[in-house]
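Containing mmCIF, C-alpha atoms: run.cif.
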data_input
#
loop_
_atom_site.label_atom_id
_atom_site.label_comp_id
_atom_site.auth_asym_id
_atom_site.auth_seq_id
_atom_site.Cartn_x
_atom_site.Cartn_y
_atom_site.Cartn_z
CA MET A 1 -19.77 4.66 -7.44
CA GLY A 2 -23.38 3.40 -7.27
CA ALA A 3 -22.99 1.58 -10.59
CA VAL A 4 -19.80 -0.09 -9.39
CA ASN A 5 -21.51 -1.19 -6.18
CA PHE A 6 -24.48 -2.55 -8.14
CA SER A 7 -22.20 -4.52 -10.45
CA ARG A 8 -20.38 -5.93 -7.46
CA ARG A 9 -23.66 -7.05 -5.93
CA LYS A 10 -24.64 -8.77 -9.17
CA ALA A 11 -21.32 -10.57 -9.36
CA VAL A 12 -21.48 -11.72 -5.75
CA ALA A 13 -25.10 -12.79 -6.15
CA ALA A 14 -24.20 -14.91 -9.16
CA PHE A 15 -21.39 -16.47 -7.16
CA ALA A 16 -23.72 -17.14 -4.23
CA VAL A 17 -26.26 -18.92 -6.42
CA GLY A 18 -23.80 -20.83 -8.53
CA GLY A 19 -21.29 -21.76 -5.86
CA ARG A 20 -17.66 -22.60 -6.45
CA LYS A 21 -17.35 -25.13 -9.19
CA GLY A 22 -14.68 -27.74 -8.88
CA SER A 23 -13.86 -27.01 -5.23
CA GLY A 24 -14.46 -29.09 -2.15
CA MET A 25 -16.72 -28.33 0.76
CA SER A 26 -15.18 -25.39 2.64
CA ALA A 27 -16.19 -24.14 6.07
CA SER A 28 -17.95 -21.19 4.41
CA THR A 29 -19.89 -23.46 2.07
CA GLY A 30 -20.90 -25.67 4.99
CA LEU A 31 -22.13 -22.66 6.95
CA ARG A 32 -24.13 -21.52 3.96
CA ALA A 33 -25.77 -24.93 3.64
CA LEU A 34 -26.70 -24.94 7.33
CA THR A 35 -28.03 -21.39 6.99
CA ARG A 36 -30.47 -22.70 4.41
CA LEU A 37 -31.52 -25.27 7.00
CA GLY A 38 -32.06 -22.34 9.38
CA PHE A 39 -34.43 -20.67 6.92
CA ALA A 40 -36.38 -23.92 6.62
CA ALA A 41 -36.49 -24.30 10.42
CA ARG A 42 -37.78 -20.75 10.78
CA GLY A 43 -40.49 -21.55 8.27
CA LEU A 44 -41.49 -24.67 10.18
CA LEU A 45 -41.80 -22.65 13.40
CA TYR A 46 -44.14 -20.13 11.83
CA ILE A 47 -46.24 -22.83 10.19
CA VAL A 48 -46.71 -24.59 13.53
CA ILE A 49 -47.59 -21.32 15.32
CA ALA A 50 -50.19 -20.57 12.64
CA LEU A 51 -51.72 -24.07 12.56
CA LEU A 52 -52.03 -24.21 16.34
CA LEU A 53 -54.22 -21.11 16.25
CA ILE A 54 -56.17 -21.99 13.11
CA ARG A 55 -56.89 -25.60 14.08
CA SER A 56 -57.23 -25.44 17.87
CA GLY A 57 -57.43 -21.77 18.83
CA ARG A 58 -54.14 -21.94 20.76
CA SER A 59 -51.87 -18.92 20.63
CA GLU A 60 -48.19 -19.80 21.01
CA ASP A 61 -44.80 -18.22 20.47
CA THR A 62 -41.57 -19.83 19.26
CA SER A 63 -41.04 -21.73 22.51
CA GLY A 64 -44.51 -23.28 22.29
CA ALA A 65 -43.95 -24.22 18.65
CA LEU A 66 -40.59 -25.80 19.50
CA THR A 67 -42.20 -27.82 22.29
CA GLU A 68 -44.85 -29.11 19.88
CA LEU A 69 -42.23 -30.02 17.30
CA GLY A 70 -40.19 -31.81 19.96
CA ARG A 71 -43.21 -33.92 20.87
CA SER A 72 -43.94 -34.90 17.29
CA GLY A 73 -40.49 -35.02 15.70
CA GLY A 74 -38.33 -35.83 18.70
CA ASP A 75 -34.74 -34.89 19.43
CA PRO A 76 -33.40 -35.47 15.88
CA LEU A 77 -35.72 -32.78 14.51
CA LEU A 78 -34.86 -30.37 17.33
CA LEU A 79 -31.14 -31.02 16.81
CA ALA A 80 -31.38 -30.29 13.09
CA MET A 81 -33.34 -27.12 13.80
CA ALA A 82 -30.84 -26.01 16.45
CA ALA A 83 -27.95 -26.49 14.01
CA GLY A 84 -29.81 -24.46 11.40
CA PHE A 85 -30.62 -21.66 13.83
CA VAL A 86 -27.00 -21.47 15.04
CA ALA A 87 -25.77 -21.18 11.44
CA TYR A 88 -28.48 -18.65 10.61
CA GLY A 89 -27.59 -16.58 13.67
CA LEU A 90 -23.87 -16.63 12.87
CA TRP A 91 -24.56 -15.70 9.27
CA ARG A 92 -26.66 -12.73 10.41
CA PHE A 93 -23.91 -11.63 12.80
CA ALA A 94 -21.37 -11.93 9.98
CA ASP A 95 -23.56 -9.69 7.85
CA ALA A 96 -23.75 -7.13 10.65
CA ALA A 97 -19.98 -7.16 11.16
CA LEU A 98 -18.65 -7.71 7.62
CA ASN A 99 -21.50 -6.44 5.43
CA ILE A 100 -21.53 -9.63 3.38
CA GLU A 101 -24.96 -8.66 1.99
CA TYR A 102 -23.51 -5.40 0.62
CA HIS A 103 -25.91 -3.01 2.32
CA ASP A 104 -25.84 0.60 1.22
CA ALA A 105 -23.59 3.05 2.98
CA GLY A 106 -25.14 5.57 5.34
CA ALA A 107 -27.94 5.44 7.89
CA LYS A 108 -30.08 2.96 5.97
CA GLY A 109 -27.26 0.45 5.70
CA ILE A 110 -26.42 0.85 9.37
CA ARG A 111 -30.06 0.16 10.32
CA GLN A 112 -30.08 -2.94 8.13
CA ARG A 113 -26.88 -4.25 9.71
CA LEU A 114 -28.21 -3.58 13.21
CA ALA A 115 -31.38 -5.45 12.26
CA ALA A 116 -29.22 -8.35 11.05
CA ALA A 117 -27.46 -8.43 14.43
CA GLY A 118 -30.80 -8.41 16.24
CA SER A 119 -32.11 -11.24 14.07
CA GLY A 120 -28.93 -13.22 14.70
CA ALA A 121 -29.30 -12.82 18.47
CA ILE A 122 -32.95 -13.90 18.36
CA TYR A 123 -32.26 -17.11 16.45
CA LEU A 124 -29.23 -18.04 18.51
CA PHE A 125 -31.59 -17.75 21.48
CA VAL A 126 -34.12 -19.99 19.70
CA ALA A 127 -31.31 -22.51 19.10
CA TRP A 128 -30.57 -22.41 22.84
CA GLN A 129 -34.27 -23.11 23.51
CA ALA A 130 -34.16 -26.15 21.24
CA ILE A 131 -31.03 -27.44 22.99
CA ARG A 132 -32.76 -27.04 26.37
CA LEU A 133 -35.64 -29.18 25.11
CA ILE A 134 -33.21 -31.85 23.86
CA ALA A 135 -31.57 -31.87 27.29
CA GLY A 136 -34.91 -32.66 28.90
CA GLY A 137 -35.84 -29.20 30.16
CA ASP A 138 -38.37 -26.71 28.91
CA ALA A 139 -37.70 -24.05 26.29
CA GLY A 140 -37.73 -21.36 29.00
CA GLY A 141 -36.70 -17.74 28.98
CA THR A 142 -39.51 -16.28 26.87
CA ASP A 143 -41.90 -14.77 29.45
CA PRO A 144 -42.28 -11.12 28.34
CA GLN A 145 -43.73 -10.08 31.70
CA GLN A 146 -40.69 -11.44 33.51
CA ARG A 147 -38.32 -9.64 31.17
CA ALA A 148 -40.32 -6.43 31.56
CA SER A 149 -40.19 -6.78 35.35
CA THR A 150 -36.41 -7.12 35.18
CA ALA A 151 -36.20 -4.01 33.01
CA LEU A 152 -38.42 -2.02 35.37
CA ASP A 153 -36.01 -2.73 38.22
CA LEU A 154 -33.21 -0.97 36.31
CA PRO A 155 -32.58 2.79 36.52
CA GLY A 156 -34.87 4.40 33.96
CA GLY A 157 -36.61 1.08 33.48
CA PRO A 158 -39.98 2.47 32.32
CA MET A 159 -38.28 4.56 29.65
CA LEU A 160 -36.28 1.52 28.52
CA LEU A 161 -39.53 -0.35 27.96
CA VAL A 162 -41.01 2.58 26.03
CA ILE A 163 -37.91 2.77 23.83
CA GLY A 164 -37.95 -0.99 23.28
CA GLY A 165 -41.63 -0.83 22.37
CA ALA A 166 -41.00 2.01 19.94
CA ILE A 167 -38.25 -0.03 18.28
CA LEU A 168 -40.66 -2.96 17.92
CA VAL A 169 -43.33 -0.71 16.41
CA GLY A 170 -40.73 0.67 14.01
CA ALA A 171 -39.70 -2.87 13.08
CA GLY A 172 -43.35 -3.72 12.45
CA LEU A 173 -43.82 -0.71 10.20
CA TYR A 174 -40.67 -1.74 8.33
CA GLN A 175 -42.20 -5.17 7.76
CA MET A 176 -45.26 -3.44 6.32
CA VAL A 177 -43.08 -1.38 3.98
CA LYS A 178 -41.36 -4.55 2.79
CA ALA A 179 -44.77 -6.13 2.22
CA TYR A 180 -45.79 -3.12 0.11
CA ASN A 181 -42.71 -2.78 -2.08
CA CYS A 182 -41.74 -6.48 -2.21
CA SER A 183 -38.13 -5.70 -1.34
CA PHE A 184 -37.88 -9.18 0.18
CA CYS A 185 -37.70 -10.51 -3.39
CA ASP A 186 -34.48 -8.61 -4.10
CA ARG A 187 -32.36 -11.41 -2.63
CA LEU A 188 -34.23 -14.31 -4.22
CA ASP A 189 -33.01 -16.29 -7.19
CA PRO A 190 -34.22 -14.36 -10.27
CA ARG A 191 -35.86 -17.55 -11.54
CA ILE A 192 -38.67 -17.14 -8.99
CA ALA A 193 -38.30 -13.60 -7.62
CA ASN A 194 -40.88 -12.06 -9.96
CA ARG A 195 -43.48 -14.80 -9.87
CA PRO A 196 -46.78 -13.28 -8.67
CA ALA A 197 -47.55 -16.18 -6.32
CA VAL A 198 -44.16 -15.85 -4.59
CA ARG A 199 -44.57 -12.09 -4.21
CA TRP A 200 -48.07 -12.36 -2.70
CA ILE A 201 -47.05 -15.15 -0.33
CA GLY A 202 -44.23 -12.94 0.90
CA ARG A 203 -46.44 -9.87 1.09
CA ALA A 204 -49.04 -11.58 3.25
CA GLY A 205 -46.35 -13.08 5.45
CA TYR A 206 -44.45 -9.87 6.06
CA ALA A 207 -47.68 -7.94 6.70
CA ALA A 208 -48.71 -10.50 9.34
CA ARG A 209 -45.31 -10.25 11.02
CA GLY A 210 -45.69 -6.49 10.98
CA VAL A 211 -48.97 -6.75 12.86
CA ILE A 212 -47.38 -8.97 15.53
CA PHE A 213 -44.42 -6.61 15.98
CA ILE A 214 -46.64 -3.53 16.22
CA VAL A 215 -49.01 -5.09 18.78
CA SER A 216 -46.08 -6.41 20.83
CA GLY A 217 -44.50 -2.96 20.72
CA TYR A 218 -47.75 -1.41 21.88
CA PHE A 219 -47.83 -3.81 24.83
CA LEU A 220 -44.28 -2.85 25.77
CA ILE A 221 -44.94 0.89 25.50
CA ARG A 222 -48.05 0.52 27.67
CA ALA A 223 -46.08 -1.49 30.24
CA GLY A 224 -43.45 1.25 30.37
CA LEU A 225 -45.89 4.14 30.62
CA ASP A 226 -47.88 2.41 33.38
CA SER A 227 -44.81 0.81 35.02
CA ARG A 228 -46.65 -2.52 34.98
CA ALA A 229 -44.75 -5.55 33.76
CA SER A 230 -48.02 -7.50 33.51
CA GLU A 231 -49.01 -5.40 30.48
CA ALA A 232 -46.04 -6.55 28.39
CA GLY A 233 -46.56 -9.26 25.79
CA GLY A 234 -45.01 -11.04 22.85
CA MET A 235 -46.30 -13.07 19.91
CA GLU A 236 -48.45 -15.37 22.05
CA GLU A 237 -50.15 -12.46 23.82
CA ALA A 238 -50.52 -10.50 20.55
CA LEU A 239 -52.34 -13.39 18.87
CA ARG A 240 -54.58 -13.81 21.91
CA TRP A 241 -55.32 -10.07 22.05
CA LEU A 242 -56.49 -9.83 18.44
CA ASP A 243 -60.23 -10.27 17.93
CA SER A 244 -61.72 -12.88 15.60
CA PRO A 245 -61.48 -13.03 12.62
CA ILE A 246 -58.42 -10.75 12.63
CA ASP A 247 -56.45 -13.31 14.64
CA PHE A 248 -57.15 -16.01 12.05
CA LEU A 249 -56.21 -13.70 9.19
CA VAL A 250 -52.92 -12.88 10.91
CA ALA A 251 -52.36 -16.59 11.58
CA ALA A 252 -52.95 -17.31 7.89
CA GLY A 253 -50.37 -14.64 7.09
CA LEU A 254 -47.87 -16.25 9.48
CA LEU A 255 -48.51 -19.58 7.75
CA LEU A 256 -47.65 -17.96 4.44
CA PHE A 257 -44.54 -16.40 5.97
CA GLY A 258 -43.51 -19.91 7.00
CA LEU A 259 -43.99 -21.10 3.43
CA PHE A 260 -42.00 -18.13 2.15
CA SER A 261 -39.16 -18.98 4.55
CA ILE A 262 -39.08 -22.50 3.12
CA LEU A 263 -38.87 -20.98 -0.37
CA GLU A 264 -35.97 -18.88 0.90
CA ALA A 265 -34.26 -22.03 2.13
CA ARG A 266 -34.06 -23.14 -1.49
CA PHE A 267 -33.93 -19.94 -3.51
CA ARG A 268 -32.48 -17.15 -1.36
CA ILE A 269 -29.16 -15.70 -2.44
CA ILE A 270 -26.90 -16.43 0.53
CA HIS A 271 -23.47 -14.87 0.35
CA GLU A 272 -20.61 -16.86 1.79
CA VAL A 273 -19.00 -15.77 5.04
CA PRO A 274 -15.23 -15.52 4.42
CA LEU A 275 -14.40 -17.80 7.35
CA ASP A 276 -11.03 -18.86 5.96
CA GLU A 277 -9.96 -15.25 5.43
CA VAL A 278 -11.18 -14.23 8.88
CA ALA A 279 -9.33 -17.14 10.50
CA SER A 280 -6.13 -16.32 8.59
CA ALA A 281 -6.31 -12.68 9.64
CA ALA A 282 -6.90 -13.70 13.25
CA ARG A 283 -3.90 -16.05 13.20
CA ALA A 284 -1.71 -13.37 11.66
CA THR A 285 -2.78 -10.86 14.30
CA ALA A 286 -2.05 -13.33 17.09
CA ARG A 287 1.51 -14.09 15.93
CA PRO A 288 4.08 -12.51 18.23
CA GLY A 289 6.53 -10.04 16.79
CA ILE A 290 4.25 -8.98 13.95
#

If you took the structure in this file and wrote it as structure tokens, what would it be?
Amino acid sequence: MGAVNFSRRKAVAAFAVGGRKGSGMSASTGLRALTRLGFAARGLLYIVIALLLIRSGRSEDTSGALTELGRSGGDPLLLAMAAGFVAYGLWRFADAALNIEYHDAGAKGIRQRLAAAGSGAIYLFVAWQAIRLIAGGDAGGTDPQQRASTALDLPGGPMLLVIGGAILVGAGLYQMVKAYNCSFCDRLDPRIANRPAVRWIGRAGYAARGVIFIVSGYFLIRAGLDSRASEAGGMEEALRWLDSPIDFLVAAGLLLFGLFSILEARFRIIHEVPLDEVASAARATARPGI
């Protein structure tokens, strides 16, 4: 069974890289192209976050990076990034629901699909932030203290924060594991997947993301244990909390993660979402008398 599944993955991967020859642009192919734009937009965000700290000592999160990009690139850049993030988010949700990335069966595969859903939600939110900026507002909605305060008002709020923090720490450790075993290269085009430079760029990037997740999780756990929303924090607070030169090393890692994301925009194996099949099944289900 494992050999059959592996062969299927190889066949689908070859299809994803090669595309459908002789066919027109389908909705699935268009989504895949925009998803690549989403990878590039994610890379640009991380590069800006890193450069702001390295060059001017400013710690920012995704909303701050989007604001900076809006000032320099204007609405056309933000619109392109929003389109990419929407496609990226939908593609991640499709993976969670339909297993288009062919994750393993069992607990590991379930965790990977849940992580895909979480990633999809995050980048749909980032797309919403970009659209807010285009509309003339601010990015908004990213204050971790405000979110923690809302959680503390719920029944069992402190425990919810502790659980959320533990999940973040777990996600950070998972990033570290990926940095160690280079599993992020498994879904790259074989032409570059084993190049040492690509592997070390990815390793440094994933390790830096792991540090940010772990520190943010620590903040959230502390906020839950002390029932103080003011102790919560995200990427901006994590970068500010780290002492020099650790903060600059992490920023350099985030810069490399941005570069790796741009490599993914070109070379990642992106499986098509069967939009036509899903739409046909939905229409058939909706027909009366069937």

Q | Neighbour residues at most 12 Å from (-29.4, -22.4, 18.5) (only C-alpha atoms) as a PyMOL selection string | A | chain A and resi 34-35+38+41-42+66+78-90+120-134+139

Would you write out those residues with C-alpha atoms, as a PDB file, in the frame of the given file?
ATOM      1  CA  LEU A  34     -26.700 -24.940   7.330  1.00  0.00           C
ATOM      2  CA  THR A  35     -28.030 -21.390   6.990  1.00  0.00           C
ATOM      3  CA  GLY A  38     -32.060 -22.340   9.380  1.00  0.00           C
ATOM      4  CA  ALA A  41     -36.490 -24.300  10.420  1.00  0.00           C
ATOM      5  CA  ARG A  42     -37.780 -20.750  10.780  1.00  0.00           C
ATOM      6  CA  LEU A  66     -40.590 -25.800  19.500  1.00  0.00           C
ATOM      7  CA  LEU A  78     -34.860 -30.370  17.330  1.00  0.00           C
ATOM      8  CA  LEU A  79     -31.140 -31.020  16.810  1.00  0.00           C
ATOM      9  CA  ALA A  80     -31.380 -30.290  13.090  1.00  0.00           C
ATOM     10  CA  MET A  81     -33.340 -27.120  13.800  1.00  0.00           C
ATOM     11  CA  ALA A  82     -30.840 -26.010  16.450  1.00  0.00           C
ATOM     12  CA  ALA A  83     -27.950 -26.490  14.010  1.00  0.00           C
ATOM     13  CA  GLY A  84     -29.810 -24.460  11.400  1.00  0.00           C
ATOM     14  CA  PHE A  85     -30.620 -21.660  13.830  1.00  0.00           C
ATOM     15  CA  VAL A  86     -27.000 -21.470  15.040  1.00  0.00           C
ATOM     16  CA  ALA A  87     -25.770 -21.180  11.440  1.00  0.00           C
ATOM     17  CA  TYR A  88     -28.480 -18.650  10.610  1.00  0.00           C
ATOM     18  CA  GLY A  89     -27.590 -16.580  13.670  1.00  0.00           C
ATOM     19  CA  LEU A  90     -23.870 -16.630  12.870  1.00  0.00           C
ATOM     20  CA  GLY A 120     -28.930 -13.220  14.700  1.00  0.00           C
ATOM     21  CA  ALA A 121     -29.300 -12.820  18.470  1.00  0.00           C
ATOM     22  CA  ILE A 122     -32.950 -13.900  18.360  1.00  0.00           C
ATOM     23  CA  TYR A 123     -32.260 -17.110  16.450  1.00  0.00           C
ATOM     24  CA  LEU A 124     -29.230 -18.040  18.510  1.00  0.00           C
ATOM     25  CA  PHE A 125     -31.590 -17.750  21.480  1.00  0.00           C
ATOM     26  CA  VAL A 126     -34.120 -19.990  19.700  1.00  0.00           C
ATOM     27  CA  ALA A 127     -31.310 -22.510  19.100  1.00  0.00           C
ATOM     28  CA  TRP A 128     -30.570 -22.410  22.840  1.00  0.00           C
ATOM     29  CA  GLN A 129     -34.270 -23.110  23.510  1.00  0.00           C
ATOM     30  CA  ALA A 130     -34.160 -26.150  21.240  1.00  0.00           C
ATOM     31  CA  ILE A 131     -31.030 -27.440  22.990  1.00  0.00           C
ATOM     32  CA  ARG A 132     -32.760 -27.040  26.370  1.00  0.00           C
ATOM     33  CA  LEU A 133     -35.640 -29.180  25.110  1.00  0.00           C
ATOM     34  CA  ILE A 134     -33.210 -31.850  23.860  1.00  0.00           C
ATOM     35  CA  ALA A 139     -37.700 -24.050  26.290  1.00  0.00           C
TER      36      ALA A 139
END

Q: Excluding A:Tyr218 and any residue of its chain fewer than 4 positions from it, enumerate the residues within 9 Å of it, using all atoms listed in the file, and give them as a PyMOL selection string.
A: chain A and resi 162+165-166+168-169+213-214+222-223+232-233

Q: Tell me which protein, DNA and RNA residues are within 10 Å of A:Leu254, counting only C-alpha atoms, leaving out same-chain ones fewer than 4 positions away, and put them as a list in words.
A: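 In the requested format, the answer is Gly43, Leu45, Tyr46, Ile47, Val48, Ile49, Ala50, Leu51, Ile201, Gly202, Ala204, Gly205, Tyr206, Ala207, Ala208, Arg209, Ile212, Phe248, Leu249, Val250, Gly258, Leu259 and Phe260 of chain A.
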
Q: Compare A:Ala33, A:Ala27, A:Leu160, A:Leu242 by their minimum atom-to-atom distance to A:Arg266, counting only C-alpha atoms, and give me the closest one.
A: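 Residue with the minimum atom-to-atom distance to A:Arg266: A:Ala33.
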
**Q.** Residue among A:Ala115, A:Ile269, A:Ala151, A:Ala252 lying closest to A:Tyr174, counting all atoms listed in the file
**A.**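 Selected residue with least distance to A:Tyr174: A:Ala115.
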
Q. Interatomic distance between atom CA of A:Gly210 and atom CA of A:Met176?
A. 5.6 Å

Q) So how far away is atom CA of A:Ile270 from atom CA of A:Ile100, in Å? A) 9.1 Å

Q | Who sits within 12 Å of A:Thr150, only C-alpha atoms, same chain under 3 positions skipped, as a list of chain:residue names | A | A:Asp143, A:Pro144, A:Gln145, A:Gln146, A:Arg147, A:Asp153, A:Leu154, A:Pro155, A:Gly156, A:Gly157, A:Pro158, A:Leu160, A:Leu161, A:Gly224, A:Ser227, A:Arg228, A:Ala229, A:Ser230, A:Ala232

Q. Which value, in Å to one decimal, gives the distance between atom CA of A:Ser149 and atom CA of A:Asp226?
A.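 So the answer is 12.1 Å.
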
Taking all atoms of stretch 261-271 of chain A that appear in the file, build a box with edges along x, y and z, extend it by 5 Å on every side, and state its centre and edge lengths in Å to one decimal, as JSON.
{"center_x": -31.3, "center_y": -19.0, "center_z": 0.5, "size_x": 25.7, "size_y": 18.3, "size_z": 18.1}

Q) Residues picked by the PyMOL selection byres ((chain A and resi 189) around 7) here, as a ChimeraX atom specification? A) /A:187-188,190-193,267-269

N, CA and C atoms modelled onto stretch 182-196 of chain A, as a CSV table (one decimal), in the frame of the given file:
chain,number,residue,atom,x,y,z
A,182,CYS,N,-42.3,-5.2,-1.8
A,182,CYS,CA,-41.7,-6.5,-2.2
A,182,CYS,C,-40.2,-6.5,-2.2
A,183,SER,N,-39.6,-5.7,-1.4
A,183,SER,CA,-38.1,-5.7,-1.3
A,183,SER,C,-37.5,-7.0,-0.9
A,184,PHE,N,-38.4,-7.9,-0.2
A,184,PHE,CA,-37.9,-9.2,0.2
A,184,PHE,C,-37.5,-10.1,-1.0
A,185,CYS,N,-38.0,-9.7,-2.2
A,185,CYS,CA,-37.7,-10.5,-3.4
A,185,CYS,C,-36.3,-10.1,-4.0
A,186,ASP,N,-35.7,-9.1,-3.5
A,186,ASP,CA,-34.5,-8.6,-4.1
A,186,ASP,C,-33.4,-9.6,-3.9
A,187,ARG,N,-33.4,-10.4,-2.9
A,187,ARG,CA,-32.4,-11.4,-2.6
A,187,ARG,C,-32.8,-12.8,-2.9
A,188,LEU,N,-33.8,-13.0,-3.8
A,188,LEU,CA,-34.2,-14.3,-4.2
A,188,LEU,C,-33.6,-14.6,-5.6
A,189,ASP,N,-33.4,-15.9,-5.9
A,189,ASP,CA,-33.0,-16.3,-7.2
A,189,ASP,C,-33.9,-15.7,-8.2
A,190,PRO,N,-33.4,-15.0,-9.2
A,190,PRO,CA,-34.2,-14.4,-10.3
A,190,PRO,C,-35.2,-15.3,-10.9
A,191,ARG,N,-34.9,-16.6,-10.9
A,191,ARG,CA,-35.9,-17.6,-11.5
A,191,ARG,C,-37.2,-17.5,-10.9
A,192,ILE,N,-37.4,-17.2,-9.6
A,192,ILE,CA,-38.7,-17.1,-9.0
A,192,ILE,C,-39.0,-15.8,-8.4
A,193,ALA,N,-38.1,-14.9,-8.4
A,193,ALA,CA,-38.3,-13.6,-7.6
A,193,ALA,C,-39.5,-12.8,-8.1
A,194,ASN,N,-39.8,-12.9,-9.4
A,194,ASN,CA,-40.9,-12.1,-10.0
A,194,ASN,C,-42.2,-12.8,-10.2
A,195,ARG,N,-42.2,-14.0,-9.7
A,195,ARG,CA,-43.5,-14.8,-9.9
A,195,ARG,C,-44.6,-14.2,-9.0
A,196,PRO,N,-45.7,-13.9,-9.5
A,196,PRO,CA,-46.8,-13.3,-8.7
A,196,PRO,C,-47.1,-14.1,-7.4
